[in-house]
Amino acid sequence: MKYMMLKEVCSIKMGQSPASDSYNDNGEGIPFFQGNADFGERYPVARQWCSAPIKMAEPEDILISVRAPIGALNYAKEECCIGRGLAALTPNKSKISPEFMFWLLKGKTAELNSKGTGSTFKAISRKVLEEILVPDIGIDQQAEYSAILEKINGIIQLRKQELQKLDELIKSRFIEMFGDPMTNPYNLPKVILGSVLTIEPQNGLYKPQSDYVSDGTGVPILRIDSFYEGKVSNLSSLRRLICSEIELKRYSLYENDIVINRVNSIEYLGKCGLIQGLVENTIFESNMMRLHVDEHKFHPVYITKLLCSEFIYQQILRRAKKAVNQASINQKDVQSFVVYMPPIEQQDQFAAFVKQTDKSKAVIQKSLDETQTLFDCLMQKYFG
């Protein structure tokens with residue numbers, strides 16, 4: 001296949017921040033976008049405006065983030081000012097369709113990030129954008145490829161929405177059965193978390209990067225980026241490391257353990273996950289702690305959902321020790337959490353509902369994974 005460079009099929013305009021006294025948040029001037037933080041689903045969302053713009057993007061230009069995270073994309077909805085975190089690309093429509101260029105750039109995200117430079121924030125230069133390779137194919141074929149990718153991406157987004165709705169269904173069921181924990185409308189009895197633990201909070205294992213391995217040997221280690229909304233995303237994809245028998249014995253996870261982030265940015269501090277479905281010995285890292293509740297008093301699914309609630313997060317904020325870039329909680333903080341203890345039979349009913357909903361989620365997730373694989377294969381086929 002023949003290729004052209006991106007600079008041959010579009011004009012490239014690198015952003016530049018205007019004087020700080022020229023932008024505002026009260027709608028004076030034209031919309032001003034500094035980076036991908038302003039991006040929406042398709043178009044950026046105006047939060048600032050500028051009365052003395054320097055670099056401009058035109059309606060339907062493709063906006064690309066050139067500073068970390070590199071490669072995020074949106075279309076310009078209107079004439080706007082772009083800061084140095086963005087570049088505006090105007091396709092030459094006689095050579096490349098905007099939709100084809102959009103999907104091409106989507107497929108180049110990893111490549112662009114690998115070319116980023118800078119010690120604090122990775123960024124790419126104009127030259128990197130100019131030299132992106134574009135398949136030299138006709139407009140009709142570009143339109144065909146774009147239509148296929150758009151259709152498959154639509155299915156992917158639909159599956160993600162279905163999963164999100166099922167997550168919302170679980171949250172709604174929790175509120176229906178137990179009330180909003182912030183107000184406790186059903187007057188559920190309160191207990192201190194430390195009084196209902198069979199394993200007290202324990203910090204995880206610290207290991208240097210040199211102990212991590214990529215050859216399939218070693219022991220999986222649960223890290224703080226491995227769980228979401230109270231569940232571990234994929235135990236089989238965890239990184240692995242070498243550890244001693246003593247470390248394995250001390251830091252192994254067990255079924256229905258709960259892990260909690262103890263050190264992180266304030267946004268992720270206290271994020272927790274329920275350990276279920278272990279198939280091999282797995283340990284947990286030092287930035288988190290693990291605990292185990294008395295299952296005669298609390299169903300692990302119920303208490304994990306409660307620990308993920310705003311009610312607990314507000315308790316975390318009151319206890320957190322804040323440093324420059326992160327915050328922390330300790331074992332005594334976790335033990336002091338106030339939690340609600342509804343009848344165990346009611347907790348069991350909720351857990352059964354979650355289990356049934358998770359079966360539906362598993363079917364949708366399988367379809368999503370298969371569709372994503374197809375999409376990735378086509379991106380590779382079309383763009384290399």
# chains A, B, ... in the order shown; residues from 1 in each chain; ligands from 1

$ residues_around --residues "segment 220-233 of chain A" --least-positions-apart "2" --cutoff "6 Å" --atoms "only C-alpha atoms" --output "list in words"
Leu238, Arg239, Arg240, Cys272, Gly273, Leu274, Thr282, Ile283, Phe284 and Glu285 of chain A

$ residues_around --residues "Glu8 of chain A" --least-positions-apart "6" --cutoff "10 Å" --atoms "only C-alpha atoms" --output "PDB file with C-alpha atoms, in the first residue's frame"
ATOM      1  CA  PRO A  91      -8.552  18.233   5.827  1.00  0.00           C
ATOM      2  CA  ASN A  92      -8.150  18.858   2.111  1.00  0.00           C
ATOM      3  CA  LYS A  95      -7.629  14.161  -0.873  1.00  0.00           C
ATOM      4  CA  ILE A  96      -9.032  12.918   2.447  1.00  0.00           C
ATOM      5  CA  GLU A 130       3.183  16.207   9.736  1.00  0.00           C
ATOM      6  CA  GLU A 131       4.872  12.834   9.305  1.00  0.00           C
ATOM      7  CA  LEU A 133       1.450   8.185   7.386  1.00  0.00           C
ATOM      8  CA  VAL A 134      -1.894   8.218   5.578  1.00  0.00           C
TER       9      VAL A 134
END

$ atom_distance --atom1 "atom CA of Trp49 of chain A" --atom2 "atom CA of Arg84 of chain A"
15.2 Å

$ closest_residue --among "A:Leu104, A:Leu73, A:Leu169, A:Val339" --to "Leu193 of chain A" --atoms "only C-alpha atoms"
A:Val339

$ select_by_dssp --residues "segment 162-378 of chain A" --states "helix (DSSP H, G or I)" --output "PyMOL selection string"
chain A and resi 162-178+193-196+209-211+235-237+245-251+300-307+310-319+331-335+344-378

$ decode --residues "segment 7-111 of chain A" --atoms "C-alpha atoms" --output "mmCIF file, in the first residue's frame"
data_model
loop_
_atom_site.group_PDB
_atom_site.id
_atom_site.type_symbol
_atom_site.label_atom_id
_atom_site.label_comp_id
_atom_site.auth_asym_id
_atom_site.auth_seq_id
_atom_site.Cartn_x
_atom_site.Cartn_y
_atom_site.Cartn_z
ATOM 1 C CA LYS A 7 0.948 17.377 5.874
ATOM 2 C CA GLU A 8 0.129 16.470 2.255
ATOM 3 C CA VAL A 9 -3.603 16.052 2.905
ATOM 4 C CA CYS A 10 -4.419 18.681 5.528
ATOM 5 C CA SER A 11 -3.274 21.960 7.012
ATOM 6 C CA ILE A 12 -1.943 21.836 10.566
ATOM 7 C CA LYS A 13 -2.263 24.677 13.023
ATOM 8 C CA MET A 14 -0.546 24.348 16.413
ATOM 9 C CA GLY A 15 -2.296 26.077 19.291
ATOM 10 C CA GLN A 16 -0.899 28.988 21.261
ATOM 11 C CA SER A 17 -2.212 30.338 24.540
ATOM 12 C CA PRO A 18 -3.372 33.965 24.431
ATOM 13 C CA ALA A 19 -2.536 36.472 27.132
ATOM 14 C CA SER A 20 -4.087 35.436 30.428
ATOM 15 C CA ASP A 21 -5.948 38.717 30.790
ATOM 16 C CA SER A 22 -7.765 38.087 27.487
ATOM 17 C CA TYR A 23 -9.766 35.034 28.554
ATOM 18 C CA ASN A 24 -12.682 34.752 30.926
ATOM 19 C CA ASP A 25 -15.449 32.451 32.114
ATOM 20 C CA ASN A 26 -18.418 34.755 31.492
ATOM 21 C CA GLY A 27 -18.874 34.245 27.752
ATOM 22 C CA GLU A 28 -17.048 37.304 26.386
ATOM 23 C CA GLY A 29 -15.359 36.668 23.045
ATOM 24 C CA ILE A 30 -15.038 33.265 21.371
ATOM 25 C CA PRO A 31 -14.745 29.819 23.007
ATOM 26 C CA PHE A 32 -11.211 29.025 24.188
ATOM 27 C CA PHE A 33 -10.039 25.414 24.511
ATOM 28 C CA GLN A 34 -6.735 24.668 26.184
ATOM 29 C CA GLY A 35 -6.567 20.878 25.932
ATOM 30 C CA ASN A 36 -8.391 17.566 26.016
ATOM 31 C CA ALA A 37 -9.887 18.378 29.426
ATOM 32 C CA ASP A 38 -12.359 20.508 27.457
ATOM 33 C CA PHE A 39 -13.358 17.637 25.147
ATOM 34 C CA GLY A 40 -16.828 16.138 25.036
ATOM 35 C CA GLU A 41 -18.239 13.116 23.207
ATOM 36 C CA ARG A 42 -17.808 14.779 19.780
ATOM 37 C CA TYR A 43 -17.410 18.507 20.405
ATOM 38 C CA PRO A 44 -15.526 20.346 23.168
ATOM 39 C CA VAL A 45 -17.506 22.017 25.943
ATOM 40 C CA ALA A 46 -16.820 25.729 26.382
ATOM 41 C CA ARG A 47 -15.749 26.693 29.884
ATOM 42 C CA GLN A 48 -13.643 29.730 28.968
ATOM 43 C CA TRP A 49 -13.798 32.412 26.299
ATOM 44 C CA CYS A 50 -11.152 34.685 24.781
ATOM 45 C CA SER A 51 -11.359 38.292 23.547
ATOM 46 C CA ALA A 52 -7.913 38.353 21.914
ATOM 47 C CA PRO A 53 -7.300 34.944 20.314
ATOM 48 C CA ILE A 54 -3.979 34.095 18.655
ATOM 49 C CA LYS A 55 -4.523 30.694 17.033
ATOM 50 C CA MET A 56 -7.954 29.797 15.692
ATOM 51 C CA ALA A 57 -9.752 26.621 14.623
ATOM 52 C CA GLU A 58 -12.606 26.619 12.135
ATOM 53 C CA PRO A 59 -15.931 24.721 12.373
ATOM 54 C CA GLU A 60 -15.453 20.963 11.767
ATOM 55 C CA ASP A 61 -11.660 21.140 12.056
ATOM 56 C CA ILE A 62 -10.332 18.092 13.867
ATOM 57 C CA LEU A 63 -8.872 19.042 17.235
ATOM 58 C CA ILE A 64 -6.137 16.774 18.572
ATOM 59 C CA SER A 65 -4.474 16.866 21.971
ATOM 60 C CA VAL A 66 -0.702 17.305 21.562
ATOM 61 C CA ARG A 67 0.118 17.239 25.283
ATOM 62 C CA ALA A 68 -0.394 14.344 27.687
ATOM 63 C CA PRO A 69 -2.634 12.530 27.275
ATOM 64 C CA ILE A 70 -1.669 12.781 23.612
ATOM 65 C CA GLY A 71 -4.072 11.856 20.807
ATOM 66 C CA ALA A 72 -7.533 12.671 22.208
ATOM 67 C CA LEU A 73 -9.825 13.898 19.416
ATOM 68 C CA ASN A 74 -12.839 16.166 18.960
ATOM 69 C CA TYR A 75 -14.372 18.199 16.165
ATOM 70 C CA ALA A 76 -14.545 21.977 16.440
ATOM 71 C CA LYS A 77 -18.219 22.921 16.633
ATOM 72 C CA GLU A 78 -17.615 26.588 15.860
ATOM 73 C CA GLU A 79 -14.846 29.086 15.358
ATOM 74 C CA CYS A 80 -12.712 28.877 18.485
ATOM 75 C CA CYS A 81 -9.357 29.742 20.016
ATOM 76 C CA ILE A 82 -6.960 26.870 20.747
ATOM 77 C CA GLY A 83 -4.238 26.813 23.389
ATOM 78 C CA ARG A 84 -0.896 25.061 23.210
ATOM 79 C CA GLY A 85 -2.343 21.733 24.312
ATOM 80 C CA LEU A 86 -4.189 21.373 21.000
ATOM 81 C CA ALA A 87 -3.649 21.410 17.268
ATOM 82 C CA ALA A 88 -6.310 22.019 14.630
ATOM 83 C CA LEU A 89 -6.295 19.948 11.443
ATOM 84 C CA THR A 90 -8.186 21.092 8.335
ATOM 85 C CA PRO A 91 -8.552 18.233 5.827
ATOM 86 C CA ASN A 92 -8.150 18.858 2.111
ATOM 87 C CA LYS A 93 -11.433 17.212 1.173
ATOM 88 C CA SER A 94 -10.263 16.475 -2.367
ATOM 89 C CA LYS A 95 -7.629 14.161 -0.873
ATOM 90 C CA ILE A 96 -9.032 12.918 2.447
ATOM 91 C CA SER A 97 -12.437 12.835 4.072
ATOM 92 C CA PRO A 98 -12.677 14.287 7.600
ATOM 93 C CA GLU A 99 -14.205 11.043 8.895
ATOM 94 C CA PHE A 100 -11.387 8.926 7.467
ATOM 95 C CA MET A 101 -8.781 11.247 8.959
ATOM 96 C CA PHE A 102 -10.534 11.107 12.325
ATOM 97 C CA TRP A 103 -10.400 7.289 12.417
ATOM 98 C CA LEU A 104 -6.827 7.311 11.125
ATOM 99 C CA LEU A 105 -5.761 9.511 14.016
ATOM 100 C CA LYS A 106 -7.715 7.330 16.456
ATOM 101 C CA GLY A 107 -5.591 4.426 15.300
ATOM 102 C CA LYS A 108 -2.357 6.366 15.821
ATOM 103 C CA THR A 109 -2.830 7.184 19.520
ATOM 104 C CA ALA A 110 -0.266 4.690 20.820
ATOM 105 C CA GLU A 111 2.240 5.676 18.122
#
